[in-house]
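Visitor: Data: entry.pdb, PDB, C-alpha atoms.
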```pdb
ATOM      1  CA  MET A   1     115.878 122.258 106.285  1.00  0.00           C
ATOM      2  CA  PRO A   2     115.739 124.559 103.265  1.00  0.00           C
ATOM      3  CA  PRO A   3     112.356 125.926 102.222  1.00  0.00           C
ATOM      4  CA  ILE A   4     110.280 124.355  99.452  1.00  0.00           C
ATOM      5  CA  HIS A   5     111.160 126.018  96.141  1.00  0.00           C
ATOM      6  CA  HIS A   6     109.578 125.417  92.734  1.00  0.00           C
ATOM      7  CA  ARG A   7     112.951 124.672  91.089  1.00  0.00           C
ATOM      8  CA  ASP A   8     114.445 122.711  93.977  1.00  0.00           C
ATOM      9  CA  PRO A   9     111.708 121.161  96.109  1.00  0.00           C
ATOM     10  CA  GLY A  10     114.125 119.540  98.561  1.00  0.00           C
ATOM     11  CA  VAL A  11     113.197 116.685 100.859  1.00  0.00           C
ATOM     12  CA  ILE A  12     109.469 117.441 100.883  1.00  0.00           C
ATOM     13  CA  GLY A  13     109.455 117.409  97.066  1.00  0.00           C
ATOM     14  CA  LEU A  14     111.212 114.031  97.065  1.00  0.00           C
ATOM     15  CA  LEU A  15     108.249 112.528  98.899  1.00  0.00           C
ATOM     16  CA  GLY A  16     106.047 113.128  95.851  1.00  0.00           C
ATOM     17  CA  ASP A  17     108.370 111.190  93.514  1.00  0.00           C
ATOM     18  CA  PRO A  18     106.608 107.898  92.637  1.00  0.00           C
ATOM     19  CA  ALA A  19     109.908 106.313  91.549  1.00  0.00           C
ATOM     20  CA  ARG A  20     111.334 106.550  95.072  1.00  0.00           C
ATOM     21  CA  SER A  21     110.005 105.264  98.362  1.00  0.00           C
ATOM     22  CA  PRO A  22     111.860 107.110 101.121  1.00  0.00           C
ATOM     23  CA  TYR A  23     111.293 106.973 104.833  1.00  0.00           C
ATOM     24  CA  TYR A  24     111.525 110.299 106.617  1.00  0.00           C
ATOM     25  CA  GLY A  25     111.626 111.464 110.206  1.00  0.00           C
ATOM     26  CA  ILE A  26     109.839 114.600 111.282  1.00  0.00           C
ATOM     27  CA  ILE A  27     109.467 116.367 114.629  1.00  0.00           C
ATOM     28  CA  VAL A  28     105.798 117.314 114.854  1.00  0.00           C
ATOM     29  CA  ASP A  29     105.689 119.864 117.645  1.00  0.00           C
ATOM     30  CA  GLY A  30     104.838 123.123 115.868  1.00  0.00           C
ATOM     31  CA  LEU A  31     108.343 124.430 116.581  1.00  0.00           C
ATOM     32  CA  HIS A  32     110.674 122.298 114.435  1.00  0.00           C
ATOM     33  CA  SER A  33     108.221 121.805 111.573  1.00  0.00           C
ATOM     34  CA  HIS A  34     105.370 124.066 110.512  1.00  0.00           C
ATOM     35  CA  PRO A  35     101.990 122.277 110.622  1.00  0.00           C
ATOM     36  CA  ASN A  36     101.419 122.874 106.881  1.00  0.00           C
ATOM     37  CA  THR A  37     104.767 121.284 106.027  1.00  0.00           C
ATOM     38  CA  VAL A  38     103.822 118.276 108.131  1.00  0.00           C
ATOM     39  CA  ARG A  39     100.489 118.027 106.261  1.00  0.00           C
ATOM     40  CA  ILE A  40     102.266 118.155 102.885  1.00  0.00           C
ATOM     41  CA  ALA A  41     104.804 115.499 103.886  1.00  0.00           C
ATOM     42  CA  TYR A  42     102.277 113.160 105.490  1.00  0.00           C
ATOM     43  CA  GLY A  43      99.826 113.598 102.615  1.00  0.00           C
ATOM     44  CA  ALA A  44     102.539 112.733 100.096  1.00  0.00           C
ATOM     45  CA  LYS A  45     103.984 109.683 101.859  1.00  0.00           C
ATOM     46  CA  LYS A  46     101.997 108.392 104.841  1.00  0.00           C
ATOM     47  CA  ASP A  47     103.673 104.997 104.974  1.00  0.00           C
ATOM     48  CA  GLY A  48     107.175 106.506 105.104  1.00  0.00           C
ATOM     49  CA  CYS A  49     106.574 108.804 108.078  1.00  0.00           C
ATOM     50  CA  ILE A  50     108.582 108.225 111.256  1.00  0.00           C
ATOM     51  CA  LEU A  51     107.680 110.516 114.139  1.00  0.00           C
ATOM     52  CA  VAL A  52     110.689 111.854 116.044  1.00  0.00           C
ATOM     53  CA  THR A  53     110.847 113.589 119.398  1.00  0.00           C
ATOM     54  CA  ASP A  54     113.494 115.671 121.099  1.00  0.00           C
ATOM     55  CA  GLY A  55     111.585 115.484 124.373  1.00  0.00           C
ATOM     56  CA  LYS A  56     113.137 114.646 127.687  1.00  0.00           C
ATOM     57  CA  CYS A  57     111.825 112.698 130.622  1.00  0.00           C
ATOM     58  CA  HIS A  58     110.023 114.624 133.324  1.00  0.00           C
ATOM     59  CA  PRO A  59     112.384 115.466 136.228  1.00  0.00           C
ATOM     60  CA  SER A  60     110.268 113.386 138.636  1.00  0.00           C
ATOM     61  CA  ILE A  61     110.948 110.183 136.670  1.00  0.00           C
ATOM     62  CA  ARG A  62     114.075 108.430 137.873  1.00  0.00           C
ATOM     63  CA  LYS A  63     116.606 107.008 135.413  1.00  0.00           C
ATOM     64  CA  GLY A  64     115.680 103.604 134.056  1.00  0.00           C
ATOM     65  CA  GLY A  65     112.098 104.040 135.225  1.00  0.00           C
TER      66      GLY A  65
END
```
Please go through the file and, once you have read it, give me the structure as structure tokens.
Guide:
Amino acid sequence: MPPIHHRDPGVIGLLGDPARSPYYGIIVDGLHSHPNTVRIAYGAKKDGCILVTDGKCHPSIRKGG
């Protein structure tokens, strides 16, 4: 994702647009998204936030279980 810029705010800037009501997915793990970016996004559009994970099952859990 490109950084937030004052002339082109990108996806995070879109969340502050009152004329649009987007949903957005964000991986909140401190690696994919910086905590401050998560705060900005969630503060701008709480009801559009969809938490996403790239986690895997623990090796001790069998498939389908």
Visitor: Going by the chain IDs and residue numbers used in this file, which residues fall under the PyMOL selection byres ((chain A and resi 47) around 10)? Write them as a PyMOL selection string.
Guide: chain A and resi 21-24+42-46+48-50
Visitor: Give me, as a PyMOL selection string, all polymer residues having an atom no more than 12 Å from A:Val28, counting all atoms listed in the file and skipping those fewer than 6 positions away in the same chain.
Guide: chain A and resi 34-39+41-42+49-55
Visitor: Rounded to one decimal place, report the atom CA of A:Lys63-atom CA of A:Leu31 distance in Å.
Guide: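 Atom CA of A:Leu31 lies 27.0 Å from atom CA of A:Lys63.
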Visitor: Starting from 5 Å padding per side, set up an axis-aligned box that covers all listed atoms of stretch 36-43 of chain A and hand over centre and edge lengths in Å, one decimal, as JSON.
Guide:
```
{"center_x": 102.3, "center_y": 118.0, "center_z": 105.4, "size_x": 15.0, "size_y": 19.7, "size_z": 15.5}
```
Visitor: Would you mind reading off the distance between atom CA of A:His32 and atom CA of A:Asp17, one decimal, in Å?
Guide: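 Going from atom CA of A:His32 over to atom CA of A:Asp17, I get 23.8 Å.
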Visitor: One decimal, in Å: what's the spacing between atom CA of A:Pro9 and atom CA of A:Ser33?
Guide: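 About the pair atom CA of A:Pro9 and atom CA of A:Ser33: they are 15.9 Å apart.
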Visitor: Where atoms are missing, can you supply N, CA and C atoms for stretch 15-46 of chain A and output the lot as a PDB file, in the frame of the given file?
Guide:
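Written output follows (out27.pdb):
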```
ATOM      1  N   LEU A  15     109.319 113.412  98.445  1.00  0.00           N
ATOM      2  CA  LEU A  15     108.249 112.528  98.899  1.00  0.00           C
ATOM      3  C   LEU A  15     107.172 112.328  97.843  1.00  0.00           C
ATOM      4  N   GLY A  16     107.041 113.252  96.912  1.00  0.00           N
ATOM      5  CA  GLY A  16     106.047 113.128  95.851  1.00  0.00           C
ATOM      6  C   GLY A  16     106.542 112.368  94.639  1.00  0.00           C
ATOM      7  N   ASP A  17     107.785 111.911  94.643  1.00  0.00           N
ATOM      8  CA  ASP A  17     108.370 111.190  93.514  1.00  0.00           C
ATOM      9  C   ASP A  17     107.932 109.726  93.555  1.00  0.00           C
ATOM     10  N   PRO A  18     107.097 109.283  92.608  1.00  0.00           N
ATOM     11  CA  PRO A  18     106.608 107.898  92.637  1.00  0.00           C
ATOM     12  C   PRO A  18     107.698 106.851  92.382  1.00  0.00           C
ATOM     13  N   ALA A  19     108.831 107.261  91.833  1.00  0.00           N
ATOM     14  CA  ALA A  19     109.908 106.313  91.549  1.00  0.00           C
ATOM     15  C   ALA A  19     110.732 105.990  92.797  1.00  0.00           C
ATOM     16  N   ARG A  20     110.565 106.773  93.842  1.00  0.00           N
ATOM     17  CA  ARG A  20     111.334 106.550  95.072  1.00  0.00           C
ATOM     18  C   ARG A  20     110.367 106.287  96.225  1.00  0.00           C
ATOM     19  N   SER A  21     110.846 105.577  97.212  1.00  0.00           N
ATOM     20  CA  SER A  21     110.005 105.264  98.362  1.00  0.00           C
ATOM     21  C   SER A  21     110.775 105.533  99.646  1.00  0.00           C
ATOM     22  N   PRO A  22     111.040 106.811  99.946  1.00  0.00           N
ATOM     23  CA  PRO A  22     111.860 107.110 101.121  1.00  0.00           C
ATOM     24  C   PRO A  22     111.082 107.047 102.427  1.00  0.00           C
ATOM     25  N   TYR A  23     111.812 106.774 103.489  1.00  0.00           N
ATOM     26  CA  TYR A  23     111.293 106.973 104.833  1.00  0.00           C
ATOM     27  C   TYR A  23     111.816 108.325 105.282  1.00  0.00           C
ATOM     28  N   TYR A  24     111.078 109.001 106.142  1.00  0.00           N
ATOM     29  CA  TYR A  24     111.525 110.299 106.617  1.00  0.00           C
ATOM     30  C   TYR A  24     111.084 110.497 108.054  1.00  0.00           C
ATOM     31  N   GLY A  25     111.941 111.134 108.828  1.00  0.00           N
ATOM     32  CA  GLY A  25     111.626 111.464 110.206  1.00  0.00           C
ATOM     33  C   GLY A  25     111.246 112.925 110.296  1.00  0.00           C
ATOM     34  N   ILE A  26     110.281 113.227 111.143  1.00  0.00           N
ATOM     35  CA  ILE A  26     109.839 114.600 111.282  1.00  0.00           C
ATOM     36  C   ILE A  26     109.407 114.849 112.730  1.00  0.00           C
ATOM     37  N   ILE A  27     109.858 115.973 113.275  1.00  0.00           N
ATOM     38  CA  ILE A  27     109.467 116.367 114.629  1.00  0.00           C
ATOM     39  C   ILE A  27     108.199 117.207 114.500  1.00  0.00           C
ATOM     40  N   VAL A  28     107.100 116.660 115.001  1.00  0.00           N
ATOM     41  CA  VAL A  28     105.798 117.314 114.854  1.00  0.00           C
ATOM     42  C   VAL A  28     105.430 117.970 116.193  1.00  0.00           C
ATOM     43  N   ASP A  29     105.968 119.161 116.392  1.00  0.00           N
ATOM     44  CA  ASP A  29     105.689 119.864 117.645  1.00  0.00           C
ATOM     45  C   ASP A  29     105.308 121.328 117.423  1.00  0.00           C
ATOM     46  N   GLY A  30     105.190 121.745 116.163  1.00  0.00           N
ATOM     47  CA  GLY A  30     104.838 123.123 115.868  1.00  0.00           C
ATOM     48  C   GLY A  30     105.998 124.086 116.001  1.00  0.00           C
ATOM     49  N   LEU A  31     107.144 123.604 116.438  1.00  0.00           N
ATOM     50  CA  LEU A  31     108.343 124.430 116.581  1.00  0.00           C
ATOM     51  C   LEU A  31     109.380 124.050 115.524  1.00  0.00           C
ATOM     52  N   HIS A  32     109.683 122.767 115.402  1.00  0.00           N
ATOM     53  CA  HIS A  32     110.674 122.298 114.435  1.00  0.00           C
ATOM     54  C   HIS A  32     110.123 122.250 113.015  1.00  0.00           C
ATOM     55  N   SER A  33     108.862 121.918 112.886  1.00  0.00           N
ATOM     56  CA  SER A  33     108.221 121.805 111.573  1.00  0.00           C
ATOM     57  C   SER A  33     106.888 122.539 111.612  1.00  0.00           C
ATOM     58  N   HIS A  34     106.641 123.345 110.601  1.00  0.00           N
ATOM     59  CA  HIS A  34     105.370 124.066 110.512  1.00  0.00           C
ATOM     60  C   HIS A  34     104.255 123.051 110.243  1.00  0.00           C
ATOM     61  N   PRO A  35     103.090 123.227 110.837  1.00  0.00           N
ATOM     62  CA  PRO A  35     101.990 122.277 110.622  1.00  0.00           C
ATOM     63  C   PRO A  35     101.647 122.045 109.143  1.00  0.00           C
ATOM     64  N   ASN A  36     101.721 123.068 108.309  1.00  0.00           N
ATOM     65  CA  ASN A  36     101.419 122.874 106.881  1.00  0.00           C
ATOM     66  C   ASN A  36     102.461 122.005 106.199  1.00  0.00           C
ATOM     67  N   THR A  37     103.721 122.138 106.592  1.00  0.00           N
ATOM     68  CA  THR A  37     104.767 121.284 106.027  1.00  0.00           C
ATOM     69  C   THR A  37     104.543 119.835 106.431  1.00  0.00           C
ATOM     70  N   VAL A  38     104.129 119.625 107.660  1.00  0.00           N
ATOM     71  CA  VAL A  38     103.822 118.276 108.131  1.00  0.00           C
ATOM     72  C   VAL A  38     102.662 117.696 107.318  1.00  0.00           C
ATOM     73  N   ARG A  39     101.633 118.495 107.065  1.00  0.00           N
ATOM     74  CA  ARG A  39     100.489 118.027 106.261  1.00  0.00           C
ATOM     75  C   ARG A  39     100.924 117.638 104.854  1.00  0.00           C
ATOM     76  N   ILE A  40     101.785 118.447 104.242  1.00  0.00           N
ATOM     77  CA  ILE A  40     102.266 118.155 102.885  1.00  0.00           C
ATOM     78  C   ILE A  40     103.049 116.843 102.880  1.00  0.00           C
ATOM     79  N   ALA A  41     103.971 116.707 103.830  1.00  0.00           N
ATOM     80  CA  ALA A  41     104.804 115.499 103.886  1.00  0.00           C
ATOM     81  C   ALA A  41     103.958 114.257 104.142  1.00  0.00           C
ATOM     82  N   TYR A  42     103.102 114.320 105.142  1.00  0.00           N
ATOM     83  CA  TYR A  42     102.277 113.160 105.490  1.00  0.00           C
ATOM     84  C   TYR A  42     101.297 112.825 104.367  1.00  0.00           C
ATOM     85  N   GLY A  43     100.739 113.839 103.733  1.00  0.00           N
ATOM     86  CA  GLY A  43      99.826 113.598 102.615  1.00  0.00           C
ATOM     87  C   GLY A  43     100.515 112.958 101.424  1.00  0.00           C
ATOM     88  N   ALA A  44     101.791 113.273 101.232  1.00  0.00           N
ATOM     89  CA  ALA A  44     102.539 112.733 100.096  1.00  0.00           C
ATOM     90  C   ALA A  44     103.038 111.313 100.340  1.00  0.00           C
ATOM     91  N   LYS A  45     103.361 110.992 101.587  1.00  0.00           N
ATOM     92  CA  LYS A  45     103.984 109.683 101.859  1.00  0.00           C
ATOM     93  C   LYS A  45     103.672 109.231 103.279  1.00  0.00           C
ATOM     94  N   LYS A  46     102.425 108.814 103.502  1.00  0.00           N
ATOM     95  CA  LYS A  46     101.997 108.392 104.841  1.00  0.00           C
ATOM     96  C   LYS A  46     102.794 107.210 105.366  1.00  0.00           C
TER      97      LYS A  46
END
```
